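Down below is the structure, laid out as structure tokens.
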Amino acid sequence: MSFIIAIDGPAGSGKGTITKRVANKIDFLRLDTGALYRCLTLEVIRNKIEINDIPKMTDIVRNMKIEFVPNEDMDELDYVFLNKENVTKEIRSNEVNNIISVISSIKEVRNEMLQIQRNIAKEKNTIMEGRDIGTVVFPNADLKIYLNADIEERARRRYKENMEKGISTTYEEVLQILKNRDKIDMEREVAPLKKAEDAIEIDSTNMSIEEVVDKVVELYYNKFKKLKWLK
Ligand code: DC
């Protein structure tokens, strides 16, 4: 049986960076589930699919082939290939950010995604990050983390990332998009973003990346030792 670490939290809380670094340290498979929803959203935009055309959307989820290619730079997220095309940059565009929360609140879409996510973690120790990993995808995950940070700090991080990548936006725009996404992600009916009862909350507002990584790794070793001792 594999060991599952679930990392949930709002946009810009650092889930992607933390997950990558922790996975690297403890040799776990990592999965950025947001990238799956982003690929679907890109396909919806490109194929001009209506937001209420659920059969077409679920069909895309069933048939899309997504590959993650490691980016050796630890500060960068991995490359994402959708049906063999490198879409790393496209899936993080404002266009995608603007409608992703609407698409990811569709129940049928989430049901399809659920199977994909569960299958990936079947055989390997996995650290999976998203919004509903500890609450819905793996309610029995061995370790659950809820990663949080103040909205202004999250917006500053995203704005800085955009600047570095040459994506032109203002800080105010980034803040507004984050606020909208938080609201929809937290208030949606199906699998809303919330802290699982048994999740450990880490507020990263005033912490460095290394401090958060060390904390998660420490929590993992403590849990791992306890589970081994119980067997
Ligand atoms: O983690 P991210 O910012 O790349 O996620 C993008 C969006 O995808 C997020 O606003 C909501 C959706 N998402 C979701 O609904 N459930 C997940 N497990 C992961 C992401």
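Going through the structure tokens in order, the chains are called A, B, and so on, while each chain numbers its residues from 1 and the ligands are numbered from 1 in the order shown.
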
Could you name the residues that touch Ala121 of chain A at 12 Å or less, counting only C-alpha atoms, but leaving out those on the same chain fewer than 4 positions away, as JSON, numbers by chain? {"A": [1, 2, 3, 4, 5, 6, 28, 29, 30, 31, 33, 114, 115, 116, 117, 125, 126, 127, 128, 133, 137, 138, 141]}

Taking 6 positions as the minimum chain separation for residues in the same chain, which residues sit within 12 Å of Asp150 of chain A when counting only C-alpha atoms? Answer as a PyMOL selection string. chain A and resi 9-14+156-157+175+178-179+182+202-207

Written selection (C-alpha atoms) as a PDB file, in the first residue's frame:
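Result file is result-v2.pdb:
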ATOM      1  CA  GLY A   9      -4.927  25.187  -0.116  1.00  0.00           C
ATOM      2  CA  PRO A  10      -5.893  28.308  -2.044  1.00  0.00           C
ATOM      3  CA  ALA A  11      -4.220  29.620  -5.191  1.00  0.00           C
ATOM      4  CA  GLY A  12      -0.781  31.098  -4.590  1.00  0.00           C
ATOM      5  CA  SER A  13      -0.244  29.437  -1.200  1.00  0.00           C
ATOM      6  CA  GLY A  14       2.880  27.711  -2.535  1.00  0.00           C
ATOM      7  CA  ARG A 156       2.395  39.375  -4.469  1.00  0.00           C
ATOM      8  CA  ARG A 157       3.881  35.930  -5.151  1.00  0.00           C
ATOM      9  CA  LEU A 175      -5.380  40.180  -6.561  1.00  0.00           C
ATOM     10  CA  LEU A 178      -7.271  35.388  -6.833  1.00  0.00           C
ATOM     11  CA  LYS A 179     -10.192  36.755  -4.815  1.00  0.00           C
ATOM     12  CA  ASP A 182     -10.964  31.736  -3.832  1.00  0.00           C
ATOM     13  CA  ILE A 202       0.563  25.648   7.795  1.00  0.00           C
ATOM     14  CA  ASP A 203       0.391  29.415   7.312  1.00  0.00           C
ATOM     15  CA  SER A 204       3.250  30.258   4.966  1.00  0.00           C
ATOM     16  CA  THR A 205       2.752  34.060   4.970  1.00  0.00           C
ATOM     17  CA  ASN A 206       5.945  34.711   6.915  1.00  0.00           C
ATOM     18  CA  MET A 207       7.800  31.489   6.170  1.00  0.00           C
TER      19      MET A 207
END

For the interface of chain A with ligand 1 (cut-off 6 Å, counting only C-alpha atoms and all ligand atoms), please tabulate each contacting residue of chain A alongside its nearest pair of atoms and their separation in Å to one decimal, rows sorted by chain and increasing number, as JSON lines.
{"residue": "A:Ala11", "atom": "CA", "partner": "ligand 1", "partner_atom_place_in_ligand_line": "3 (O)", "distance": 4.6}
{"residue": "A:Thr33", "atom": "CA", "partner": "ligand 1", "partner_atom_place_in_ligand_line": "19 (C)", "distance": 4.8}
{"residue": "A:Gly34", "atom": "CA", "partner": "ligand 1", "partner_atom_place_in_ligand_line": "20 (C)", "distance": 3.6}
{"residue": "A:Ala35", "atom": "CA", "partner": "ligand 1", "partner_atom_place_in_ligand_line": "4 (O)", "distance": 5.5}
{"residue": "A:Tyr37", "atom": "CA", "partner": "ligand 1", "partner_atom_place_in_ligand_line": "8 (O)", "distance": 5.1}
{"residue": "A:Ile100", "atom": "CA", "partner": "ligand 1", "partner_atom_place_in_ligand_line": "7 (C)", "distance": 5.7}
{"residue": "A:Ser101", "atom": "CA", "partner": "ligand 1", "partner_atom_place_in_ligand_line": "10 (O)", "distance": 5.0}
{"residue": "A:Ser104", "atom": "CA", "partner": "ligand 1", "partner_atom_place_in_ligand_line": "15 (O)", "distance": 4.7}
{"residue": "A:Gly130", "atom": "CA", "partner": "ligand 1", "partner_atom_place_in_ligand_line": "18 (N)", "distance": 3.6}
{"residue": "A:Arg131", "atom": "CA", "partner": "ligand 1", "partner_atom_place_in_ligand_line": "18 (N)", "distance": 4.2}
{"residue": "A:Asp132", "atom": "CA", "partner": "ligand 1", "partner_atom_place_in_ligand_line": "18 (N)", "distance": 5.0}
{"residue": "A:Ile133", "atom": "CA", "partner": "ligand 1", "partner_atom_place_in_ligand_line": "18 (N)", "distance": 6.0}
{"residue": "A:Arg181", "atom": "CA", "partner": "ligand 1", "partner_atom_place_in_ligand_line": "10 (O)", "distance": 5.4}
{"residue": "A:Asp185", "atom": "CA", "partner": "ligand 1", "partner_atom_place_in_ligand_line": "11 (C)", "distance": 5.9}

DSSP alpha helix (DSSP H) selection over segment 25-111 of chain A, as a ChimeraX atom specification: /A:25-26,33-46,54-63,94-103,107-111

Restricting the output to C-alpha atoms, write the selected residues as a short mmCIF file (atom, residue, chain, number, x, y, z; two decimals), in the first residue's frame.
data_model
loop_
_atom_site.label_atom_id
_atom_site.label_comp_id
_atom_site.auth_asym_id
_atom_site.auth_seq_id
_atom_site.Cartn_x
_atom_site.Cartn_y
_atom_site.Cartn_z
CA LYS A 25 13.51 15.04 -0.79
CA ILE A 26 11.55 11.95 0.17
CA THR A 33 -4.01 18.17 -9.91
CA GLY A 34 -4.61 21.83 -10.84
CA ALA A 35 -2.73 21.10 -14.08
CA LEU A 36 -5.36 18.49 -15.01
CA TYR A 37 -8.15 21.07 -14.59
CA ARG A 38 -6.03 23.63 -16.46
CA CYS A 39 -5.54 21.30 -19.45
CA LEU A 40 -9.27 20.67 -19.63
CA THR A 41 -9.94 24.42 -19.47
CA LEU A 42 -7.47 25.07 -22.29
CA GLU A 43 -9.21 22.48 -24.47
CA VAL A 44 -12.59 24.05 -23.70
CA ILE A 45 -11.33 27.48 -24.77
CA ARG A 46 -9.56 26.24 -27.89
CA ILE A 54 -21.04 18.59 -20.08
CA PRO A 55 -20.85 15.51 -22.35
CA LYS A 56 -18.15 17.19 -24.46
CA MET A 57 -16.18 18.16 -21.37
CA THR A 58 -16.27 14.73 -19.77
CA ASP A 59 -15.25 13.29 -23.12
CA ILE A 60 -12.18 15.52 -23.17
CA VAL A 61 -11.22 14.48 -19.64
CA ARG A 62 -11.52 10.81 -20.55
CA ASN A 63 -9.39 11.15 -23.67
CA ASN A 94 -5.15 34.77 -17.65
CA GLU A 95 -7.65 33.39 -20.14
CA VAL A 96 -7.49 29.99 -18.42
CA ASN A 97 -7.42 31.54 -14.93
CA ASN A 98 -10.57 33.48 -15.70
CA ILE A 99 -12.83 30.49 -16.32
CA ILE A 100 -11.12 27.55 -14.62
CA SER A 101 -13.08 27.85 -11.39
CA VAL A 102 -16.36 27.66 -13.28
CA ILE A 103 -15.29 24.54 -15.17
CA LYS A 107 -19.85 17.75 -10.74
CA GLU A 108 -19.50 15.45 -13.76
CA VAL A 109 -16.08 16.86 -14.57
CA ARG A 110 -14.91 16.28 -11.00
CA ASN A 111 -16.18 12.70 -11.02
#

Spatial neighbours of segment 75-83 of chain A, 7 Å, only C-alpha atoms, chain gap at least 6 places, as a VMD selection string: chain A and resid 16 to 17 39 64 to 69

For the residues selected in the previous step, produce a file with N, CA, C and O atoms as a PDB file, in the first residue's frame.
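Final output, saved to out.pdb:
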ATOM      1  N   GLY A  16       2.475  24.201  -5.218  1.00  0.00           N
ATOM      2  CA  GLY A  16       3.251  23.630  -6.326  1.00  0.00           C
ATOM      3  C   GLY A  16       4.723  23.495  -5.979  1.00  0.00           C
ATOM      4  O   GLY A  16       5.314  22.410  -6.088  1.00  0.00           O
ATOM      5  N   THR A  17       5.306  24.590  -5.512  1.00  0.00           N
ATOM      6  CA  THR A  17       6.735  24.602  -5.182  1.00  0.00           C
ATOM      7  C   THR A  17       7.032  23.653  -4.030  1.00  0.00           C
ATOM      8  O   THR A  17       7.998  22.883  -4.066  1.00  0.00           O
ATOM      9  N   CYS A  39      -5.567  21.872 -18.087  1.00  0.00           N
ATOM     10  CA  CYS A  39      -5.541  21.301 -19.450  1.00  0.00           C
ATOM     11  C   CYS A  39      -6.962  21.206 -20.005  1.00  0.00           C
ATOM     12  O   CYS A  39      -7.209  21.531 -21.173  1.00  0.00           O
ATOM     13  N   MET A  64      -7.997  12.972 -22.778  1.00  0.00           N
ATOM     14  CA  MET A  64      -6.771  13.780 -22.845  1.00  0.00           C
ATOM     15  C   MET A  64      -5.587  13.006 -22.262  1.00  0.00           C
ATOM     16  O   MET A  64      -5.712  12.301 -21.277  1.00  0.00           O
ATOM     17  N   LYS A  65      -4.448  13.159 -22.930  1.00  0.00           N
ATOM     18  CA  LYS A  65      -3.235  12.478 -22.461  1.00  0.00           C
ATOM     19  C   LYS A  65      -2.304  13.543 -21.908  1.00  0.00           C
ATOM     20  O   LYS A  65      -1.803  14.395 -22.631  1.00  0.00           O
ATOM     21  N   ILE A  66      -2.108  13.490 -20.583  1.00  0.00           N
ATOM     22  CA  ILE A  66      -1.278  14.505 -19.942  1.00  0.00           C
ATOM     23  C   ILE A  66       0.010  13.875 -19.423  1.00  0.00           C
ATOM     24  O   ILE A  66      -0.022  12.825 -18.777  1.00  0.00           O
ATOM     25  N   GLU A  67       1.117  14.507 -19.769  1.00  0.00           N
ATOM     26  CA  GLU A  67       2.405  14.034 -19.250  1.00  0.00           C
ATOM     27  C   GLU A  67       3.108  15.174 -18.532  1.00  0.00           C
ATOM     28  O   GLU A  67       3.058  16.313 -18.991  1.00  0.00           O
ATOM     29  N   PHE A  68       3.757  14.828 -17.439  1.00  0.00           N
ATOM     30  CA  PHE A  68       4.553  15.819 -16.708  1.00  0.00           C
ATOM     31  C   PHE A  68       6.025  15.488 -16.967  1.00  0.00           C
ATOM     32  O   PHE A  68       6.445  14.354 -16.745  1.00  0.00           O
ATOM     33  N   VAL A  69       6.754  16.465 -17.437  1.00  0.00           N
ATOM     34  CA  VAL A  69       8.191  16.262 -17.666  1.00  0.00           C
ATOM     35  C   VAL A  69       8.938  17.116 -16.643  1.00  0.00           C
ATOM     36  O   VAL A  69       8.706  18.330 -16.573  1.00  0.00           O
TER      37      VAL A  69
END

Considering only strand (DSSP E) as DSSP defines it on the backbone, what residues of segment 18-194 of chain A qualify? List them as a list in words.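 Matching residues, listed in order: Leu29, Arg30, Leu31, Asp32, Ile66, Glu67, Phe68, Val69, Tyr79, Val80, Phe81, Leu82, Glu85, Asn86, Thr126, Ile127, Met128, Glu129, Gly130, Leu143, Lys144, Ile145, Tyr146, Leu147 and Asn148 of chain A.
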
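For the set A:Lys84, A:Lys195, A:Lys20, A:Lys215, the residue with the smallest atom-to-atom gap to Gly134 of chain A is A:Lys195, counting only C-alpha atoms.
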
For Asp214 of chain A, find every residue with an atom within 12 Å (counting only C-alpha atoms), except residues of its own chain fewer than 3 positions away, and show them as a list in words.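 Final neighbour list, sorted by chain and number: Ile18, Thr19, Arg21, Val22, Ala23, Lys25, Ile26, Ile202, Met207, Ser208, Ile209, Glu210, Glu211, Val217, Glu218, Leu219, Tyr220 and Tyr221 of chain A.
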
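When atom CA of Lys122 of chain A is paired with atom CA of Asn140 of chain A, their separation reads 13.1 Å.
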
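Separating atom CA of Lys228 of chain A from atom CA of Val213 of chain A is a distance of 22.4 Å.
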